[in-house]
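S.K.: Handing over my_file_33.cif, mmCIF, C-alpha atoms.
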data_coords
#
loop_
_atom_site.label_atom_id
_atom_site.label_comp_id
_atom_site.auth_asym_id
_atom_site.auth_seq_id
_atom_site.Cartn_x
_atom_site.Cartn_y
_atom_site.Cartn_z
CA MET A 254 118.99 99.42 167.09
CA GLU A 255 119.12 99.61 170.90
CA MET A 256 122.04 101.01 172.85
CA PRO A 257 124.11 98.39 174.76
CA LYS A 258 122.60 97.87 178.21
CA HIS A 259 125.88 97.97 180.15
CA LEU A 260 127.30 101.14 178.58
CA PRO A 261 128.69 103.39 181.37
CA PRO A 262 128.18 107.19 181.56
CA LEU A 263 130.25 108.45 178.65
CA LEU A 264 131.39 111.69 180.31
CA ALA A 265 132.60 109.66 183.27
CA LEU A 266 134.35 107.23 180.94
CA ARG A 267 136.14 110.08 179.18
CA ALA A 268 137.27 111.56 182.51
CA PHE A 269 138.54 108.19 183.72
CA GLU A 270 140.54 107.59 180.54
CA ALA A 271 142.26 110.97 180.83
CA VAL A 272 143.11 110.47 184.52
CA ALA A 273 144.37 106.93 183.87
CA ARG A 274 146.57 108.11 181.04
CA HIS A 275 148.09 111.03 183.00
CA LEU A 276 147.80 109.46 186.50
CA SER A 277 146.81 112.94 187.53
CA PHE A 278 143.42 114.57 188.20
CA SER A 279 144.80 118.05 187.59
CA LYS A 280 146.37 117.19 184.21
CA ALA A 281 143.19 115.44 183.10
CA ALA A 282 141.18 118.52 184.12
CA ARG A 283 143.44 120.81 182.03
CA GLU A 284 143.16 118.49 179.01
CA LEU A 285 139.36 118.39 179.16
CA CYS A 286 139.03 122.08 180.12
CA VAL A 287 137.03 121.42 183.29
CA SER A 288 137.71 121.79 187.00
CA GLN A 289 139.59 119.16 189.00
CA SER A 290 136.53 118.65 191.21
CA ALA A 291 134.42 117.94 188.10
CA ILE A 292 136.91 115.26 187.05
CA SER A 293 136.87 113.74 190.55
CA HIS A 294 133.07 113.70 190.50
CA GLN A 295 132.93 111.91 187.12
CA VAL A 296 135.50 109.29 188.18
CA HIS A 297 133.61 108.65 191.42
CA LYS A 298 130.40 108.31 189.38
CA LEU A 299 132.04 105.66 187.18
CA GLU A 300 133.38 103.78 190.22
CA GLU A 301 129.87 103.70 191.67
CA HIS A 302 128.51 102.45 188.35
CA LEU A 303 131.12 99.66 188.22
CA GLY A 304 130.84 98.86 191.93
CA GLN A 305 134.58 98.99 192.64
CA PRO A 306 137.47 101.49 192.94
CA LEU A 307 139.57 102.23 189.86
CA PHE A 308 142.32 104.26 191.55
CA ILE A 309 144.49 103.98 194.65
CA ARG A 310 144.50 107.52 196.07
CA ARG A 311 147.60 108.55 198.02
CA THR A 312 148.53 111.91 199.53
CA ARG A 313 150.40 113.28 196.49
CA ALA A 314 149.89 110.63 193.85
CA ILE A 315 147.41 108.17 192.47
CA ASP A 316 147.75 104.79 190.84
CA LEU A 317 145.41 102.44 189.03
CA THR A 318 144.03 99.44 190.84
CA PRO A 319 144.51 96.13 189.00
CA ALA A 320 140.87 96.32 187.87
CA GLY A 321 141.33 99.96 186.81
CA ALA A 322 144.46 99.13 184.78
CA ALA A 323 142.71 96.24 183.02
CA TYR A 324 139.64 98.40 182.32
CA HIS A 325 141.80 101.20 180.87
CA ARG A 326 143.61 98.78 178.55
CA GLN A 327 140.28 97.61 177.19
CA ILE A 328 138.49 100.94 176.73
CA HIS A 329 141.41 103.03 175.43
CA PRO A 330 141.46 101.50 171.90
CA ALA A 331 137.69 101.98 171.61
CA LEU A 332 137.87 105.65 172.59
CA GLU A 333 140.82 106.13 170.21
CA GLN A 334 138.79 104.59 167.41
CA ILE A 335 135.88 106.94 168.14
CA ALA A 336 138.26 109.91 168.08
CA GLN A 337 139.76 108.85 164.73
CA ALA A 338 136.33 108.28 163.19
CA THR A 339 135.21 111.72 164.36
CA GLN A 340 138.35 113.38 162.98
CA ALA A 341 137.93 111.64 159.61
CA LEU A 342 134.31 112.73 159.36
CA GLN A 343 135.13 116.32 160.23
CA ALA A 344 137.94 116.35 157.68
CA ALA A 345 135.80 114.87 154.88
CA PRO A 346 135.11 117.60 152.31
CA GLU A 347 131.55 118.58 151.56
CA PRO A 348 130.58 117.45 148.06
CA LYS A 349 130.84 120.25 145.52
CA VAL A 350 127.50 120.86 143.82
CA LEU A 351 127.94 121.55 140.10
CA ARG A 352 124.89 123.03 138.40
CA VAL A 353 124.68 122.15 134.71
CA GLY A 354 122.08 123.58 132.34
CA LEU A 355 121.23 121.54 129.26
CA LEU A 356 118.46 120.43 126.95
CA THR A 357 116.28 117.60 128.22
CA SER A 358 116.89 115.68 124.99
CA PHE A 359 120.68 115.82 125.35
CA ALA A 360 120.44 114.84 129.03
CA THR A 361 118.19 111.87 128.26
CA LEU A 362 119.56 110.54 124.98
CA TRP A 363 123.31 111.21 125.26
CA LEU A 364 124.44 112.15 128.77
CA ALA A 365 122.43 109.93 131.12
CA PRO A 366 123.88 106.59 129.91
CA ARG A 367 127.40 107.89 130.58
CA LEU A 368 126.96 109.51 134.00
CA ALA A 369 127.89 106.45 136.07
CA ASP A 370 131.47 106.80 134.87
CA PHE A 371 131.66 110.45 135.97
CA ASN A 372 130.16 109.68 139.40
CA ARG A 373 132.68 106.88 139.88
CA ARG A 374 135.67 109.03 138.91
CA TYR A 375 134.62 112.23 140.70
CA PRO A 376 132.60 111.26 143.81
CA GLN A 377 133.39 114.62 145.38
CA ILE A 378 131.36 116.45 142.71
CA GLN A 379 127.58 116.29 143.00
CA LEU A 380 125.92 117.02 139.65
CA GLU A 381 122.69 119.00 139.59
CA LEU A 382 121.29 118.77 136.06
CA GLN A 383 118.87 121.56 135.19
CA ALA A 384 117.27 120.22 132.04
CA CYS A 385 114.83 122.47 130.14
CA ILE A 386 114.22 123.91 126.68
CA GLU A 387 115.23 127.43 127.72
CA LEU A 388 118.83 128.66 127.70
CA ALA A 389 120.28 128.44 131.20
CA ASP A 390 121.77 131.73 132.39
CA VAL A 391 125.50 131.09 132.68
CA ALA A 392 126.53 134.74 132.71
CA GLY A 393 124.13 135.41 135.59
CA ALA A 394 125.47 132.41 137.57
CA GLU A 395 122.14 130.55 137.41
CA VAL A 396 124.27 127.53 136.48
CA ASP A 397 128.02 126.88 136.61
CA LEU A 398 128.21 125.40 133.12
CA ALA A 399 125.79 124.80 130.26
CA ILE A 400 125.64 122.47 127.28
CA ARG A 401 123.90 124.34 124.47
CA TYR A 402 122.80 123.26 121.02
CA GLY A 403 123.42 125.63 118.15
CA LYS A 404 126.19 127.36 116.23
CA GLY A 405 128.25 128.57 119.18
CA VAL A 406 127.25 132.23 119.01
CA TRP A 407 125.80 133.51 122.28
CA PRO A 408 126.54 136.93 123.79
CA GLY A 409 128.26 137.35 127.13
CA VAL A 410 129.59 133.80 127.49
CA ARG A 411 132.51 131.61 126.40
CA ALA A 412 131.59 128.65 124.14
CA THR A 413 133.80 125.64 123.33
CA ARG A 414 132.73 123.03 120.80
CA LEU A 415 131.90 119.63 122.29
CA LEU A 416 130.20 117.67 119.49
CA THR A 417 129.28 118.46 115.90
CA GLU A 418 125.94 117.12 114.70
CA GLN A 419 125.11 115.44 111.42
CA LEU A 420 121.58 116.38 110.43
CA ALA A 421 119.25 114.50 108.10
CA PRO A 422 115.45 114.12 108.08
CA VAL A 423 114.29 110.77 109.48
CA CYS A 424 110.98 108.96 109.81
CA SER A 425 109.56 105.55 110.55
CA PRO A 426 110.00 102.87 107.86
CA GLU A 427 106.20 102.68 107.48
CA LEU A 428 105.87 106.43 106.82
CA LYS A 429 108.66 106.35 104.23
CA ALA A 430 106.87 103.55 102.39
CA THR A 431 103.47 105.28 102.32
CA THR A 432 102.84 109.01 102.87
CA LEU A 433 106.32 110.55 102.87
CA ASP A 434 105.50 113.11 100.17
CA ARG A 435 102.98 114.94 102.40
CA ALA A 436 104.28 114.13 105.88
CA PRO A 437 104.45 117.07 108.31
CA ARG A 438 107.68 118.29 109.83
CA LEU A 439 107.86 117.62 113.57
CA MET A 440 109.79 120.44 115.22
CA ALA A 441 110.83 121.22 118.78
CA HIS A 442 110.31 124.73 120.12
CA SER A 443 113.63 126.54 119.84
CA GLN A 444 115.01 130.04 120.04
CA GLN A 445 117.09 129.15 116.94
CA PRO A 446 114.96 127.10 114.47
CA PHE A 447 117.85 126.72 112.03
CA GLU A 448 117.97 122.98 111.34
CA TRP A 449 115.33 122.63 108.63
CA HIS A 450 116.26 125.97 107.07
CA ASP A 451 119.96 125.16 106.81
CA TRP A 452 119.30 121.64 105.52
CA SER A 453 116.79 122.76 102.85
CA VAL A 454 119.03 125.60 101.64
CA SER A 455 122.03 123.27 101.44
CA HIS A 456 120.13 120.76 99.27
CA GLY A 457 117.76 123.12 97.44
CA PHE A 458 114.83 121.20 98.90
CA ASP A 459 111.28 122.58 98.84
CA LEU A 460 109.72 122.22 102.30
CA SER A 461 106.29 123.62 101.41
CA PRO A 462 104.62 120.16 101.08
CA HIS A 463 105.70 119.42 104.67
CA PRO A 464 103.96 121.84 107.06
CA PRO A 465 105.53 122.30 110.50
CA VAL A 466 104.05 120.80 113.64
CA MET A 467 105.50 122.35 116.79
CA LEU A 468 106.13 120.08 119.77
CA HIS A 469 107.47 120.93 123.21
CA ASP A 470 110.75 119.04 123.24
CA TYR A 471 113.05 117.05 120.92
CA ASN A 472 112.39 113.89 122.95
CA ILE A 473 108.73 114.18 121.94
CA VAL A 474 109.75 114.85 118.32
CA VAL A 475 111.74 111.61 118.24
CA GLU A 476 108.97 109.54 119.81
CA ALA A 477 106.38 111.02 117.44
CA ALA A 478 108.59 110.20 114.45
CA VAL A 479 109.05 106.63 115.67
CA ALA A 480 105.26 106.39 115.92
CA GLY A 481 104.94 107.41 112.25
CA GLN A 482 103.44 110.85 112.84
CA GLY A 483 105.81 112.80 110.62
CA LEU A 484 109.36 113.76 109.71
CA ALA A 485 111.94 114.69 112.31
CA MET A 486 115.27 116.38 111.76
CA GLY A 487 117.52 113.58 112.90
CA ARG A 488 120.33 114.60 115.21
CA ARG A 489 122.54 111.57 114.70
CA ARG A 490 124.35 111.95 118.05
CA LEU A 491 121.02 111.54 119.84
CA ILE A 492 119.10 109.07 117.67
CA GLN A 493 121.83 106.58 116.72
CA ARG A 494 120.11 103.89 118.80
CA HIS A 495 116.90 104.27 116.77
CA LEU A 496 118.84 104.16 113.50
CA ASP A 497 120.66 101.00 114.60
CA GLN A 498 117.38 99.38 115.62
CA GLY A 499 115.62 100.42 112.41
CA SER A 500 112.80 102.25 114.20
CA LEU A 501 113.93 105.36 112.32
CA VAL A 502 115.39 105.57 108.82
CA GLN A 503 116.75 108.39 106.69
CA ALA A 504 113.77 109.88 104.87
CA PHE A 505 115.45 111.17 101.71
CA ASP A 506 118.39 109.95 99.66
CA LEU A 507 120.41 113.07 100.37
CA PRO A 508 123.66 113.36 102.36
CA PRO A 509 123.53 114.59 105.98
CA LEU A 510 124.21 118.25 106.61
CA ASP A 511 127.67 118.92 108.06
CA SER A 512 127.82 122.40 109.55
CA GLN A 513 128.66 124.44 112.65
CA ILE A 514 125.55 123.10 114.35
CA GLY A 515 126.33 121.01 117.40
CA TYR A 516 126.73 120.95 121.17
CA TRP A 517 128.85 123.52 122.97
CA LEU A 518 130.25 123.83 126.49
CA VAL A 519 129.31 127.27 127.73
CA THR A 520 130.85 129.04 130.73
CA ALA A 521 130.97 132.60 132.00
CA GLN A 522 133.49 134.97 130.46
CA ASN A 523 135.65 134.85 133.60
CA GLY A 524 136.17 131.09 133.23
CA ALA A 525 134.96 127.91 134.87
CA SER A 526 135.26 126.64 138.42
CA PRO A 527 137.56 123.65 139.14
CA ALA A 528 134.51 121.35 139.34
CA ALA A 529 133.16 122.67 136.04
CA HIS A 530 136.60 122.22 134.48
CA CYS A 531 136.66 118.55 135.61
CA PHE A 532 133.20 117.95 134.15
CA ALA A 533 134.12 119.69 130.87
CA GLN A 534 137.27 117.56 130.51
CA TRP A 535 135.26 114.41 131.19
CA LEU A 536 132.63 115.42 128.60
CA GLN A 537 135.32 115.97 125.99
CA GLU A 538 136.75 112.52 126.70
CA GLN A 539 133.27 111.03 126.24
CA ALA A 540 132.79 112.94 123.00
CA GLU A 541 135.94 111.34 121.56
CA HIS A 542 134.42 107.88 122.12
CA PRO A 543 130.76 108.21 121.07
#
Before anything else, please render the file you have as structure tokens.
M.R.:
Amino acid sequence: MEMPKHLPPLLALRAFEAVARHLSFSKAARELCVSQSAISHQVHKLEEHLGQPLFIRRTRAIDLTPAGAAYHRQIHPALEQIAQATQALQAAPEPKVLRVGLLTSFATLWLAPRLADFNRRYPQIQLELQACIELADVAGAEVDLAIRYGKGVWPGVRATRLLTEQLAPVCSPELKATTLDRAPRLMAHSQQPFEWHDWSVSHGFDLSPHPPVMLHDYNIVVEAAVAGQGLAMGRRRLIQRHLDQGSLVQAFDLPPLDSQIGYWLVTAQNGASPAAHCFAQWLQEQAEHP
């Protein structure tokens, strides 16, 4: 976009507006923190640009010419608007960056579809999701808040329950109808591989016919199970869409495991920042309406 061709020198315009408002070169100079001669020079420069005088100069006073008065009436609102726009921009708060550590699977399958609501309600908070399979270091301030999966027992941090999981092995309908009795267990790498152990102990189920296959991430576990490659421990909060669509079904006629296993909001021992508190409250609202 090109600048308007007839735009006058802006420093000269600013000097003229101040002189016209005060009807005084000296007062305009004090307002703009320059010398009176500098103001006179800028006004003269503008008069040369316009090709006509803007002031009637007397011995101890000045007055606007008719053209100068008309010009001042027209440019003053524009300069005022520029000043207001500048003030508003300078007063606008910088967005607060909130770093959140969480599992990729939780970010993809549960959180991502809900984030538009948070961004609409809290535009001043800029989320930075650090999704990985490792535990984000909350105590060391690597992140401001974390969402962890487990039983809520981690040293050096404060954990608040967000969601409890219901766990039950799932598989594709084709696998259940054919080779279920020797299907491998698809497992995500985890520092706490408790799901299959807790479920088998609760139901007295022998897992030996189902050897483990370790995969990088729970997202991959789910996709592999949908493709009929084995059994996955179904985390109902994350796979409900697949259950509704029928691409995954419960593998065994046994009730889901209800336990302490779930998703926890984790902050440092000294508490959460205001932005982290807003995000935690919003998450808890979302958890009440799955």
S.K.: Write out as a PyMOL selection string which residues come within 10 Å of region 420-435 of chain A when counting all atoms listed in the file, dropping same-chain ones fewer than 4 positions away.
M.R.: chain A and resi 439+448-449+451-452+460-464+475+477-490+492+495-496+499-512+514-515
S.K.: List as a PDB file with C-alpha atoms, keeping the file's coordinate frame the protein and nucleic acid residues near Tyr471 (chain A), meaning an atom at most 6 Å away when only C-alpha atoms are counted, but skip any in the same chain fewer than 2 places from it.
M.R.:
ATOM      1  CA  SER A 358     116.890 115.680 124.990  1.00  0.00           C
ATOM      2  CA  ALA A 441     110.830 121.220 118.780  1.00  0.00           C
ATOM      3  CA  ILE A 473     108.730 114.180 121.940  1.00  0.00           C
ATOM      4  CA  VAL A 474     109.750 114.850 118.320  1.00  0.00           C
TER       5      VAL A 474
END
S.K.: So, with only C-alpha atoms as the atoms that count, which of A:Pro319, A:Phe532, A:Val406, A:Ser279 lies closest to Val350 (chain A)?
M.R.: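 The shortest atom-to-atom distance to Val350 (chain A) comes from A:Phe532.
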S.K.: My list of candidates is A:His275, A:His450, A:Lys404, A:Arg267. Which is closest to Tyr516 (chain A) when distances are computed with all atoms listed in the file?
M.R.: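 Once distances to Tyr516 (chain A) are computed over all atoms listed in the file, the minimum belongs to A:Lys404.
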S.K.: Which residues are close to His325 (chain A), i.e. within 10 Å by all atoms listed in the file, leaving aside same-chain residues fewer than 2 positions away? Reply as a ChimeraX atom specification.
M.R.: /A:266,269-271,273-274,307,317,319-323,327-330
S.K.: Around the point (133.9, 118.3, 121.8) in the file's coordinates, collect all residues with an atom within 8 Å, using all atoms listed in the file, and return them as a list in words.
M.R.: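 Residues with an atom at most 8 Å from (133.9, 118.3, 121.8): Thr413, Arg414, Leu415, Leu416, Thr417, Tyr516, Trp517, Leu536, Gln537, Ala540 and Glu541 of chain A.
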S.K.: Residues picked by the PyMOL selection byres ((chain A and resi 365) around 12) here, as a list of chain:residue names?
M.R.: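 The output of the PyMOL selection byres ((chain A and resi 365) around 12) on this file is A:Leu355, A:Leu356, A:Thr357, A:Ser358, A:Phe359, A:Ala360, A:Thr361, A:Leu362, A:Trp363, A:Leu364, A:Pro366, A:Arg367, A:Leu368, A:Ala369, A:Asp370, A:Phe371, A:Asn372, A:Leu380, A:Leu382, A:Ala384, A:Leu491, A:Leu536, A:Gln539.
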S.K.: What is the distance, in Å and to one decimal place, between CA of Asp397 (chain A) and CA of Arg352 (chain A)?
M.R.: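 These atoms are spaced 5.3 Å apart.
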S.K.: CA of Ala341 (chain A) and CA of Ala268 (chain A) are how many Å apart?
M.R.: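 Taking CA of Ala341 (chain A) as the start and CA of Ala268 (chain A) as the end point, the length is 22.9 Å.
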S.K.: In Å, with one decimal, what is the gap from CA of Arg310 (chain A) to CA of Glu284 (chain A)?
M.R.: 20.3 Å
